[in-house]
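To start, the structure under review is shown below, and the notes come after it.
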Amino acid sequence: MKERVLEAEVYVSQNSGTIEVHPEVSFRAMKDGMLEFPKKTWNGQMERRALLAGQGIEIPDQLEDGGSVPADDLLDAAVRDLEREAVG
């Protein structure tokens, strides 16, 4: 993990427009409170899908690539898109 943090620090120092995001913080902000379920559980994933749907992002039930992307990573990527839009 330390190596990844150091990689990120180098990248950020070379790219002034970089914005750090925290998907779970964004999900909590959408809910205006704590989430009920951990993100790696079925209920947690459904909770996050519902929050995204409320923001106009619908996650399909099936993905073209056969769903090989871990569900929590997909949800994190979707909320990052919202964060990017909010920042501009």
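Letters A, B, ... go to the chains of the structure tokens in the order shown; residues in each chain start at 1; ligands are counted from 1 in the same order.
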
For this session: Would you mind listing what lies within 9 Å of A:Glu47 as a list of chain:residue names, with only C-alpha atoms counted and same-chain residues fewer than 6 positions away left out?
Result: A:Leu35, A:Glu36, A:Phe37, A:Lys39

Problem set entry | Shell of 10 Å around stretch 66-79 of chain A, only C-alpha atoms, local chain residues under 5 positions omitted, as a VMD selection string | chain A and resid 21 to 27 30 38 to 42 44 to 46 48 to 49 51 to 52 55 57 to 59 61 84 to 85
